[in-house]
Structures are given as structure tokens and as C-alpha cells.
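So this block is coords00.pdb, PDB, C-alpha atoms and all ligand atoms:
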ATOM      1  CA  MET A   1      18.907 -81.932 -12.259  1.00  0.00           C
ATOM      2  CA  LYS A   2      15.426 -80.455 -12.092  1.00  0.00           C
ATOM      3  CA  ARG A   3      13.978 -83.914 -11.792  1.00  0.00           C
ATOM      4  CA  LEU A   4      16.350 -84.748  -8.962  1.00  0.00           C
ATOM      5  CA  ILE A   5      15.322 -81.651  -7.037  1.00  0.00           C
ATOM      6  CA  THR A   6      11.674 -82.581  -7.490  1.00  0.00           C
ATOM      7  CA  VAL A   7      12.298 -86.079  -6.174  1.00  0.00           C
ATOM      8  CA  LEU A   8      14.243 -84.744  -3.194  1.00  0.00           C
ATOM      9  CA  THR A   9      11.621 -82.112  -2.407  1.00  0.00           C
ATOM     10  CA  VAL A  10       8.800 -84.626  -2.569  1.00  0.00           C
ATOM     11  CA  ALA A  11      10.801 -87.091  -0.478  1.00  0.00           C
ATOM     12  CA  CYS A  12      11.327 -84.422   2.181  1.00  0.00           C
ATOM     13  CA  VAL A  13       7.650 -83.448   2.238  1.00  0.00           C
ATOM     14  CA  VAL A  14       6.613 -87.095   2.499  1.00  0.00           C
ATOM     15  CA  ALA A  15       9.239 -87.840   5.155  1.00  0.00           C
ATOM     16  CA  GLY A  16       8.117 -84.797   7.126  1.00  0.00           C
ATOM     17  CA  THR A  17       4.472 -85.772   7.009  1.00  0.00           C
ATOM     18  CA  MET A  18       5.141 -89.389   7.838  1.00  0.00           C
ATOM     19  CA  GLY A  19       7.442 -88.328  10.633  1.00  0.00           C
ATOM     20  CA  VAL A  20       4.721 -86.241  12.210  1.00  0.00           C
ATOM     21  CA  VAL A  21       2.260 -89.114  11.949  1.00  0.00           C
ATOM     22  CA  TRP A  22       4.778 -91.550  13.356  1.00  0.00           C
ATOM     23  CA  LEU A  23       5.641 -89.257  16.251  1.00  0.00           C
ATOM     24  CA  ALA A  24       1.984 -88.556  16.925  1.00  0.00           C
ATOM     25  CA  GLY A  25       1.358 -92.295  17.071  1.00  0.00           C
ATOM     26  CA  CYS A  26       4.089 -92.670  19.661  1.00  0.00           C
ATOM     27  CA  ASN A  27       2.710 -90.108  22.098  1.00  0.00           C
ATOM     28  CA  GLY A  28       2.112 -91.678  25.456  1.00  0.00           C
ATOM     29  CA  SER A  29       4.148 -94.785  24.755  1.00  0.00           C
ATOM     30  CA  ASN A  30       7.410 -92.970  25.393  1.00  0.00           C
ATOM     31  CA  SER A  31       7.369 -89.565  27.055  1.00  0.00           C
ATOM     32  CA  ASP A  32      10.940 -88.799  25.961  1.00  0.00           C
ATOM     33  CA  ARG A  33       9.949 -88.653  22.338  1.00  0.00           C
ATOM     34  CA  PRO A  34       8.965 -85.255  20.948  1.00  0.00           C
ATOM     35  CA  LYS A  35       5.247 -84.731  20.432  1.00  0.00           C
ATOM     36  CA  ALA A  36       3.808 -83.892  17.043  1.00  0.00           C
ATOM     37  CA  PRO A  37       3.756 -80.082  16.810  1.00  0.00           C
ATOM     38  CA  LYS A  38       0.442 -78.349  17.550  1.00  0.00           C
ATOM     39  CA  ALA A  39       1.253 -75.281  15.512  1.00  0.00           C
ATOM     40  CA  GLN A  40       3.509 -73.920  12.818  1.00  0.00           C
ATOM     41  CA  ALA A  41       5.933 -71.311  14.136  1.00  0.00           C
ATOM     42  CA  TYR A  42       6.050 -67.783  12.688  1.00  0.00           C
ATOM     43  CA  LEU A  43       8.392 -64.872  13.303  1.00  0.00           C
ATOM     44  CA  CYS A  44       7.792 -61.276  12.236  1.00  0.00           C
ATOM     45  CA  GLU A  45      10.773 -59.851  10.397  1.00  0.00           C
ATOM     46  CA  SER A  46       9.733 -56.303  11.356  1.00  0.00           C
ATOM     47  CA  CYS A  47       9.056 -56.479  15.087  1.00  0.00           C
ATOM     48  CA  GLY A  48      10.349 -59.925  16.060  1.00  0.00           C
ATOM     49  CA  HIS A  49       6.944 -61.131  17.328  1.00  0.00           C
ATOM     50  CA  LYS A  50       6.869 -64.913  17.630  1.00  0.00           C
ATOM     51  CA  PHE A  51       3.651 -66.888  17.394  1.00  0.00           C
ATOM     52  CA  GLY A  52       2.073 -70.045  16.096  1.00  0.00           C
ATOM     53  CA  MET A  53      -0.684 -70.900  13.685  1.00  0.00           C
ATOM     54  CA  SER A  54      -2.581 -74.059  14.607  1.00  0.00           C
ATOM     55  CA  LEU A  55      -1.919 -77.012  12.324  1.00  0.00           C
ATOM     56  CA  SER A  56      -5.505 -78.164  12.737  1.00  0.00           C
ATOM     57  CA  ILE A  57      -7.103 -75.307  10.775  1.00  0.00           C
ATOM     58  CA  PRO A  58      -9.019 -76.501   7.703  1.00  0.00           C
ATOM     59  CA  VAL A  59      -6.995 -76.542   4.492  1.00  0.00           C
ATOM     60  CA  LYS A  60      -9.559 -74.246   2.833  1.00  0.00           C
ATOM     61  CA  GLN A  61      -8.665 -71.558   5.402  1.00  0.00           C
ATOM     62  CA  LYS A  62      -4.939 -72.028   5.095  1.00  0.00           C
ATOM     63  CA  LEU A  63      -2.646 -68.995   4.872  1.00  0.00           C
ATOM     64  CA  PHE A  64       0.722 -68.932   3.184  1.00  0.00           C
ATOM     65  CA  PRO A  65       3.630 -66.858   4.492  1.00  0.00           C
ATOM     66  CA  PRO A  66       4.299 -63.974   4.599  1.00  0.00           C
ATOM     67  CA  ILE A  67       1.191 -63.068   6.559  1.00  0.00           C
ATOM     68  CA  VAL A  68       0.216 -59.938   8.466  1.00  0.00           C
ATOM     69  CA  CYS A  69       1.827 -59.811  11.910  1.00  0.00           C
ATOM     70  CA  PRO A  70      -0.915 -59.663  14.575  1.00  0.00           C
ATOM     71  CA  LYS A  71       1.285 -57.393  16.705  1.00  0.00           C
ATOM     72  CA  CYS A  72       2.708 -54.706  14.384  1.00  0.00           C
ATOM     73  CA  GLY A  73       0.322 -55.047  11.435  1.00  0.00           C
ATOM     74  CA  LYS A  74       3.061 -55.359   8.841  1.00  0.00           C
ATOM     75  CA  ARG A  75       2.945 -58.176   6.323  1.00  0.00           C
ATOM     76  CA  THR A  76       6.266 -59.587   7.387  1.00  0.00           C
ATOM     77  CA  ALA A  77       5.532 -62.719   9.406  1.00  0.00           C
ATOM     78  CA  VAL A  78       7.402 -65.645   7.892  1.00  0.00           C
ATOM     79  CA  ARG A  79       7.399 -69.322   8.716  1.00  0.00           C
ATOM     80  CA  ALA A  80      10.114 -70.498  11.097  1.00  0.00           C
ATOM     81  CA  TYR A  81      11.506 -74.000  11.601  1.00  0.00           C
ATOM     82  CA  LEU A  82      12.843 -74.805  15.057  1.00  0.00           C
ATOM     83  CA  TYR A  83      14.811 -77.750  16.352  1.00  0.00           C
ATOM     84  CA  VAL A  84      16.209 -78.846  19.705  1.00  0.00           C
ATOM     85  CA  PRO A  85      20.036 -78.726  19.817  1.00  0.00           C
ATOM     86  CA  LYS A  86      21.862 -82.037  20.326  1.00  0.00           C
ATOM     87  CA  GLY A  87      23.073 -80.780  23.693  1.00  0.00           C
ATOM     88  CA  GLY A  88      19.500 -80.043  24.805  1.00  0.00           C
ATOM     89  CA  GLY A  89      17.844 -76.782  25.826  1.00  0.00           C
ATOM     90  CA  GLU A  90      15.293 -74.570  24.130  1.00  0.00           C
ATOM     91  CA  PRO A  91      14.482 -75.119  20.454  1.00  0.00           C
ATOM     92  CA  VAL A  92      16.316 -72.744  18.119  1.00  0.00           C
ATOM     93  CA  ILE A  93      15.301 -71.381  14.732  1.00  0.00           C
ATOM     94  CA  TYR A  94      17.217 -73.088  11.955  1.00  0.00           C
ATOM     95  CA  ARG A  95      15.591 -71.585   8.875  1.00  0.00           C
ATOM     96  CA  TYR A  96      12.732 -69.464   7.520  1.00  0.00           C
ATOM     97  CA  GLU A  97      10.339 -69.812   4.610  1.00  0.00           C
ATOM     98  CA  LYS A  98       8.086 -67.482   2.621  1.00  0.00           C
ATOM     99  CA  TYR A  99       6.459 -67.228  -0.797  1.00  0.00           C
ATOM    100  CA  THR A 100       6.302 -64.519  -3.441  1.00  0.00           C
ATOM    101  CA  ASP A 101       2.931 -62.861  -4.037  1.00  0.00           C
ATOM    102  CA  LYS A 102       2.755 -64.581  -7.412  1.00  0.00           C
ATOM    103  CA  GLN A 103       3.154 -67.978  -5.742  1.00  0.00           C
ATOM    104  CA  ILE A 104       0.590 -67.121  -3.059  1.00  0.00           C
ATOM    105  CA  GLU A 105      -1.961 -66.031  -5.652  1.00  0.00           C
ATOM    106  CA  ALA A 106      -1.445 -69.249  -7.619  1.00  0.00           C
ATOM    107  CA  MET A 107      -1.828 -71.396  -4.479  1.00  0.00           C
ATOM    108  CA  GLU A 108      -4.970 -69.529  -3.423  1.00  0.00           C
ATOM    109  CA  LYS A 109      -6.440 -70.054  -6.868  1.00  0.00           C
ATOM    110  CA  TYR A 110      -5.669 -73.776  -6.689  1.00  0.00           C
ATOM    111  CA  ARG A 111      -7.031 -74.043  -3.125  1.00  0.00           C
ATOM    112  CA  ASP A 112     -10.271 -72.224  -3.935  1.00  0.00           C
ATOM    113  CA  SER A 113     -10.968 -74.239  -7.082  1.00  0.00           C
ATOM    114  CA  THR A 114     -10.119 -77.703  -5.712  1.00  0.00           C
ATOM    115  CA  PRO A 115     -12.628 -79.947  -3.891  1.00  0.00           C
ATOM    116  CA  VAL A 116     -11.835 -80.164  -0.188  1.00  0.00           C
ATOM    117  CA  GLU A 117     -11.495 -83.966  -0.230  1.00  0.00           C
ATOM    118  CA  GLN A 118      -8.779 -83.663  -2.875  1.00  0.00           C
ATOM    119  CA  LEU A 119      -7.033 -80.910  -0.935  1.00  0.00           C
ATOM    120  CA  GLN A 120      -6.567 -83.236   2.055  1.00  0.00           C
ATOM    121  CA  PHE A 121      -4.135 -85.270  -0.024  1.00  0.00           C
ATOM    122  CA  GLU A 122      -2.920 -82.648  -2.484  1.00  0.00           C
ATOM    123  CA  ASP A 123      -2.560 -79.436  -0.565  1.00  0.00           C
ATOM    124  CA  PRO A 124      -1.338 -76.400  -2.520  1.00  0.00           C
ATOM    125  CA  GLU A 125       2.157 -76.379  -1.095  1.00  0.00           C
ATOM    126  CA  THR A 126       2.862 -80.037  -1.889  1.00  0.00           C
ATOM    127  CA  ILE A 127       1.571 -79.564  -5.439  1.00  0.00           C
ATOM    128  CA  PHE A 128       3.677 -76.452  -5.943  1.00  0.00           C
ATOM    129  CA  ALA A 129       6.805 -78.049  -4.505  1.00  0.00           C
ATOM    130  CA  MET A 130       6.400 -80.846  -7.045  1.00  0.00           C
ATOM    131  CA  GLU A 131       6.215 -78.234  -9.792  1.00  0.00           C
ATOM    132  CA  GLN A 132       9.519 -76.616  -8.793  1.00  0.00           C
ATOM    133  CA  ASP A 133       7.754 -73.722  -7.136  1.00  0.00           C
ATOM    134  CA  ALA A 134       9.288 -74.146  -3.717  1.00  0.00           C
ATOM    135  CA  PRO A 135       9.162 -71.312  -1.155  1.00  0.00           C
ATOM    136  CA  LEU A 136      11.997 -68.869  -0.718  1.00  0.00           C
ATOM    137  CA  MET A 137      14.310 -69.914   2.070  1.00  0.00           C
ATOM    138  CA  LYS A 138      16.657 -68.230   4.522  1.00  0.00           C
ATOM    139  CA  TYR A 139      18.855 -69.807   7.166  1.00  0.00           C
ATOM    140  CA  ALA A 140      18.750 -68.183  10.597  1.00  0.00           C
ATOM    141  CA  ASP A 141      22.489 -67.415  10.511  1.00  0.00           C
ATOM    142  CA  GLU A 142      22.368 -65.821   7.047  1.00  0.00           C
ATOM    143  CA  ASP A 143      20.917 -62.528   5.788  1.00  0.00           C
ATOM    144  CA  LYS A 144      19.698 -63.404   2.338  1.00  0.00           C
ATOM    145  CA  TRP A 145      16.609 -65.126   1.043  1.00  0.00           C
ATOM    146  CA  PHE A 146      17.160 -67.486  -1.867  1.00  0.00           C
ATOM    147  CA  ASN A 147      15.128 -69.677  -4.163  1.00  0.00           C
ATOM    148  CA  PRO A 148      16.241 -73.280  -3.546  1.00  0.00           C
ATOM    149  CA  ALA A 149      14.834 -74.416  -6.916  1.00  0.00           C
ATOM    150  CA  LYS A 150      16.979 -71.857  -8.772  1.00  0.00           C
ATOM    151  CA  GLU A 151      20.020 -71.932  -6.509  1.00  0.00           C
ATOM    152  CA  PRO A 152      20.186 -75.496  -5.163  1.00  0.00           C
ATOM    153  CA  ALA A 153      23.842 -75.042  -4.171  1.00  0.00           C
ATOM    154  CA  LYS A 154      22.741 -72.668  -1.400  1.00  0.00           C
ATOM    155  CA  SER A 155      20.650 -75.362   0.281  1.00  0.00           C
ATOM    156  CA  ARG A 156      22.415 -77.132   3.091  1.00  0.00           C
ATOM    157  CA  PRO A 157      22.531 -80.911   3.262  1.00  0.00           C
ATOM    158  CA  PHE A 158      19.911 -82.719   5.304  1.00  0.00           C
ATOM    159  CA  SER A 159      22.745 -84.270   7.303  1.00  0.00           C
ATOM    160  CA  GLU A 160      23.379 -80.884   8.947  1.00  0.00           C
ATOM    161  CA  LEU A 161      20.032 -81.202  10.711  1.00  0.00           C
ATOM    162  CA  GLN A 162      20.879 -84.695  11.916  1.00  0.00           C
ATOM    163  CA  THR A 163      24.307 -83.555  13.102  1.00  0.00           C
ATOM    164  CA  ARG A 164      23.184 -80.464  14.981  1.00  0.00           C
ATOM    165  CA  PHE A 165      19.769 -81.352  16.349  1.00  0.00           C
ATOM    166  CA  LYS A 166      17.971 -84.025  18.342  1.00  0.00           C
ATOM    167  CA  ASN A 167      14.971 -84.041  16.038  1.00  0.00           C
ATOM    168  CA  ILE A 168      14.463 -83.757  12.303  1.00  0.00           C
ATOM    169  CA  ILE A 169      10.768 -82.855  12.597  1.00  0.00           C
ATOM    170  CA  PRO A 170      10.334 -79.169  13.496  1.00  0.00           C
ATOM    171  CA  VAL A 171       9.079 -78.407  16.985  1.00  0.00           C
ATOM    172  CA  PHE A 172       6.788 -75.638  18.247  1.00  0.00           C
ATOM    173  CA  PRO A 173       7.929 -73.999  21.511  1.00  0.00           C
ATOM    174  CA  GLU A 174       5.363 -74.369  24.293  1.00  0.00           C
ATOM    175  CA  SER A 175       5.971 -70.786  25.437  1.00  0.00           C
ATOM    176  CA  TRP A 176       4.947 -69.172  22.132  1.00  0.00           C
ATOM    177  CA  PRO A 177       1.322 -68.004  21.843  1.00  0.00           C
ATOM    178  CA  ILE A 178      -0.916 -69.691  19.276  1.00  0.00           C
ATOM    179  CA  GLU A 179      -2.885 -67.050  17.393  1.00  0.00           C
ATOM    180  CA  LYS A 180      -6.518 -67.587  16.511  1.00  0.00           C
ATOM    181  CA  ARG A 181      -6.981 -68.052  12.790  1.00  0.00           C
ATOM    182  CA  ASP A 182      -9.450 -65.131  12.782  1.00  0.00           C
ATOM    183  CA  ASN A 183      -6.682 -62.782  13.960  1.00  0.00           C
ATOM    184  CA  LEU A 184      -4.435 -63.625  11.048  1.00  0.00           C
ATOM    185  CA  LYS A 185      -4.636 -62.124   7.594  1.00  0.00           C
ATOM    186  CA  GLN A 186      -2.832 -62.778   4.341  1.00  0.00           C
ATOM    187  CA  ARG A 187      -2.789 -59.131   3.241  1.00  0.00           C
TER     188      ARG A 187
HETATM  189 ZN    ZN B   1       5.413 -57.614  13.645  1.00  0.00          ZN
END

Starting from the coordinates I provided, produce the structure as C-alpha cells.
Ligand SMILES: [Zn+2]
Amino acid sequence: MKRLITVLTVACVVAGTMGVVWLAGCNGSNSDRPKAPKAQAYLCESCGHKFGMSLSIPVKQKLFPPIVCPKCGKRTAVRAYLYVPKGGGEPVIYRYEKYTDKQIEAMEKYRDSTPVEQLQFEDPETIFAMEQDAPLMKYADEDKWFNPAKEPAKSRPFSELQTRFKNIIPVFPESWPIEKRDNLKQR
């Protein structure tokens, strides 16, 4: 079972990355297709502030959620995944992600001790997902965080995304501000 989860997790990470590359390659050739996201979406669980962190920041400067909210100063900003409903309209949040402090410390240690050229292909989160150390997850219509590696039954099938949304690659809403990396802190 553990092995299966690993395979599925890796498959999802790979599919996500390839999807972004594929979509990015299609920009301009078909304006109806969604563009590759410019930023990762974050939402503060304390004050509700919504913002983005650029996806082009160097991997050595990468932060892992939760991070300090630039508006209220609490360390409660978690990663959000948004998708456009099948019927159209604004993207909606489908789920959230965050790590425990223990996981963050381990990823920082790996990041700081790994050569940058290796990190381009083996970033901390991919490595940790392969080792069963996936982030905690929460669906937008539920209250509780859970660990998908320990409670796989709580994860929803991938087909739900395909059924409900136009895209399977998360989108970043144009109207959300993108915070400068210098304004964001881990602790
Ligand atoms: Zn806040």
C-alpha cells in the first residue's frame, strides 16, 4: 500500500510539472488554453488575506507553508489550490496544503546542504513526497487537516477534479497580489 501511494504521489507531481510545461509551451498558439501559473496561491487562515508567491524564485530561497502572513503577521498562511469550475467563472479554492515544523526543518536542511544544480531536479518537496512525507491537506469544504500518507482514505479521487473543473493544473487568480519574496518569512 505504501508503495502504491508513493507511485501515485510521484505520478501526480510529475503530471503536474509536465502539465505546467505543456501549458506554458502552448501559450500564444491558443488563447483559450489556461496559461502556466505565475505564482503559487496562499491564503491566511487567521485573517483571510490572499496572495501569491512567484514561482520563479530560486529554489534556494524557497519557503514552505505555513509562512508568515504579510498582512496580519501570524504564521498561518497556507498554500491554496484553485481551479476554474466547469461552468466557468472565477477560480475557486479546492484544497489547502501545509507542512509540520518537523517537515519544514528537514526540507530546509536538505535544501541548504544540496548543490543548486541538483535541487533543480530534486527539490525538497518532491524528495519528501517520495519518502511518504507528504504535506498535510485540507479540502476547502471541510474543517480538518489530515495526513494523506497516514489516512489515504480521506483523499478524494483525482476524477473529482476532472468532473468539477475545467483544468487539472492549479490556476493563480489575476486579481490576487503577488508578494515580493523579501516580504515573506518562514517564521
Ligand atoms: Zn493574515

Atomic distance atom CA of A:Thr126 - atom CA of A:Arg111, expressed in Å with one decimal: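 Going from atom CA of A:Thr126 over to atom CA of A:Arg111 covers 11.6 Å.
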
Residues selected by the PyMOL selection byres (((chain A and resi 107) around 9) and not hetatm), written as JSON, numbers by chain: {"A": [64, 102, 103, 104, 105, 106, 108, 109, 110, 111, 112, 123, 124, 125, 127, 128]}

Would you list the contacts of A:Val116 as a ChimeraX atom specification, taking every protein, DNA or RNA residue within 8 Å and counting all atoms listed in the file, but skipping same-chain residues closer than 3 positions in sequence? /A:59-60,119-120

Kindly extract all protein, DNA and RNA residues lying within 9 Å of the coordinates (16.7, -74.0, -5.4) given in the file, considering only C-alpha atoms, and supply them as a ChimeraX atom specification. /A:5,132,134,136-137,146-155

Write out as a list of chain:residue names each polymer residue (protein, DNA or RNA) that has an atom no more than 9 Å from ligand ZN 1 (chain B), with all atoms listed in the file counted.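 Selection of residues at most 9 Å from ligand ZN 1 (chain B): A:Leu43, A:Cys44, A:Glu45, A:Ser46, A:Cys47, A:Gly48, A:His49, A:Lys50, A:Val68, A:Cys69, A:Pro70, A:Lys71, A:Cys72, A:Gly73, A:Lys74, A:Arg75, A:Thr76, A:Ala77.
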
Output the selection as a short mmCIF file (atom, residue, chain, number, x, y, z; two decimals), in the frame of the given file - C-alpha atoms for each residue.
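Listed below is the output, out29.cif:
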data_model
loop_
_atom_site.label_atom_id
_atom_site.label_comp_id
_atom_site.auth_asym_id
_atom_site.auth_seq_id
_atom_site.Cartn_x
_atom_site.Cartn_y
_atom_site.Cartn_z
CA LEU A 43 8.39 -64.87 13.30
CA CYS A 44 7.79 -61.28 12.24
CA GLU A 45 10.77 -59.85 10.40
CA SER A 46 9.73 -56.30 11.36
CA CYS A 47 9.06 -56.48 15.09
CA GLY A 48 10.35 -59.92 16.06
CA HIS A 49 6.94 -61.13 17.33
CA LYS A 50 6.87 -64.91 17.63
CA VAL A 68 0.22 -59.94 8.47
CA CYS A 69 1.83 -59.81 11.91
CA PRO A 70 -0.92 -59.66 14.58
CA LYS A 71 1.28 -57.39 16.70
CA CYS A 72 2.71 -54.71 14.38
CA GLY A 73 0.32 -55.05 11.44
CA LYS A 74 3.06 -55.36 8.84
CA ARG A 75 2.94 -58.18 6.32
CA THR A 76 6.27 -59.59 7.39
CA ALA A 77 5.53 -62.72 9.41
#

With distances taken over all atoms listed in the file, which of A:Phe51, A:Tyr83, A:Pro66, A:Glu122 is nearest to A:Ile169?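 Ranked by minimum distance to A:Ile169, first place goes to A:Tyr83.
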
The PyMOL selection byres (((chain A and resi 53) around 8) and not hetatm) resolved against shown file, as a list in words: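 The output of the PyMOL selection byres (((chain A and resi 53) around 8) and not hetatm) on this file is Ala39, Gln40, Ala41, Tyr42, Phe51, Gly52, Ser54, Leu55, Ile178, Glu179, Lys180 and Arg181 of chain A.
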
Would you save the residues from that selection as a compact mmCIF listing (two decimals), in the coordinates of the input, using C-alpha atoms?
# COMPACT_ATOMS: atom_id res chain seq x y z
CA ALA A 39 1.25 -75.28 15.51
CA GLN A 40 3.51 -73.92 12.82
CA ALA A 41 5.93 -71.31 14.14
CA TYR A 42 6.05 -67.78 12.69
CA PHE A 51 3.65 -66.89 17.39
CA GLY A 52 2.07 -70.04 16.10
CA SER A 54 -2.58 -74.06 14.61
CA LEU A 55 -1.92 -77.01 12.32
CA ILE A 178 -0.92 -69.69 19.28
CA GLU A 179 -2.88 -67.05 17.39
CA LYS A 180 -6.52 -67.59 16.51
CA ARG A 181 -6.98 -68.05 12.79

Just to confirm, what's the straight-line distance from atom CA of A:Trp145 to atom CA of A:Glu90 in Å (one decimal)?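 One can read the atom CA of A:Trp145 to atom CA of A:Glu90 distance as 25.0 Å.
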
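Evaluated against the shown file, the PyMOL selection byres (((chain A and resi 87) around 10) and not hetatm) gives Val84, Pro85, Lys86, Gly88, Gly89, Glu90, Arg164, Phe165 and Lys166 of chain A.
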
So how many Å separate atom CA of A:Glu131 and atom CA of A:Ile67, to one decimal? 22.9 Å

Because some atoms of stretch 77-90 of chain A are absent here, can you restore N, CA and C atoms and send them as an mmCIF file, in the coordinates of the input?
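Output saved as result_35.cif:
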data_model
loop_
_atom_site.group_PDB
_atom_site.id
_atom_site.type_symbol
_atom_site.label_atom_id
_atom_site.label_comp_id
_atom_site.auth_asym_id
_atom_site.auth_seq_id
_atom_site.Cartn_x
_atom_site.Cartn_y
_atom_site.Cartn_z
ATOM 1 N N ALA A 77 5.384 -61.503 8.592
ATOM 2 C CA ALA A 77 5.532 -62.719 9.406
ATOM 3 C C ALA A 77 5.849 -63.895 8.482
ATOM 4 N N VAL A 78 6.965 -64.526 8.736
ATOM 5 C CA VAL A 78 7.402 -65.645 7.892
ATOM 6 C C VAL A 78 7.451 -66.929 8.724
ATOM 7 N N ARG A 79 7.405 -68.024 8.048
ATOM 8 C CA ARG A 79 7.399 -69.322 8.716
ATOM 9 C C ARG A 79 8.794 -69.626 9.276
ATOM 10 N N ALA A 80 8.823 -70.158 10.480
ATOM 11 C CA ALA A 80 10.114 -70.498 11.097
ATOM 12 C C ALA A 80 10.156 -71.986 11.436
ATOM 13 N N TYR A 81 11.334 -72.577 11.280
ATOM 14 C CA TYR A 81 11.506 -74.000 11.601
ATOM 15 C C TYR A 81 12.488 -74.116 12.755
ATOM 16 N N LEU A 82 12.017 -74.707 13.850
ATOM 17 C CA LEU A 82 12.843 -74.805 15.057
ATOM 18 C C LEU A 82 13.173 -76.260 15.393
ATOM 19 N N TYR A 83 14.354 -76.416 15.974
ATOM 20 C CA TYR A 83 14.811 -77.750 16.352
ATOM 21 C C TYR A 83 15.526 -77.667 17.698
ATOM 22 N N VAL A 84 15.543 -78.794 18.401
ATOM 23 C CA VAL A 84 16.209 -78.846 19.705
ATOM 24 C C VAL A 84 17.676 -79.235 19.495
ATOM 25 N N PRO A 85 18.616 -78.402 19.995
ATOM 26 C CA PRO A 85 20.036 -78.726 19.817
ATOM 27 C C PRO A 85 20.393 -80.092 20.403
ATOM 28 N N LYS A 86 21.402 -80.724 19.842
ATOM 29 C CA LYS A 86 21.862 -82.037 20.326
ATOM 30 C C LYS A 86 22.141 -82.013 21.816
ATOM 31 N N GLY A 87 22.723 -80.893 22.279
ATOM 32 C CA GLY A 87 23.073 -80.780 23.693
ATOM 33 C C GLY A 87 21.884 -80.498 24.594
ATOM 34 N N GLY A 88 20.700 -80.341 24.030
ATOM 35 C CA GLY A 88 19.500 -80.043 24.805
ATOM 36 C C GLY A 88 19.237 -78.552 24.905
ATOM 37 N N GLY A 89 18.223 -78.188 25.656
ATOM 38 C CA GLY A 89 17.844 -76.782 25.826
ATOM 39 C C GLY A 89 16.659 -76.409 24.961
ATOM 40 N N GLU A 90 16.431 -75.088 24.879
ATOM 41 C CA GLU A 90 15.293 -74.570 24.130
ATOM 42 C C GLU A 90 15.466 -74.798 22.627
#
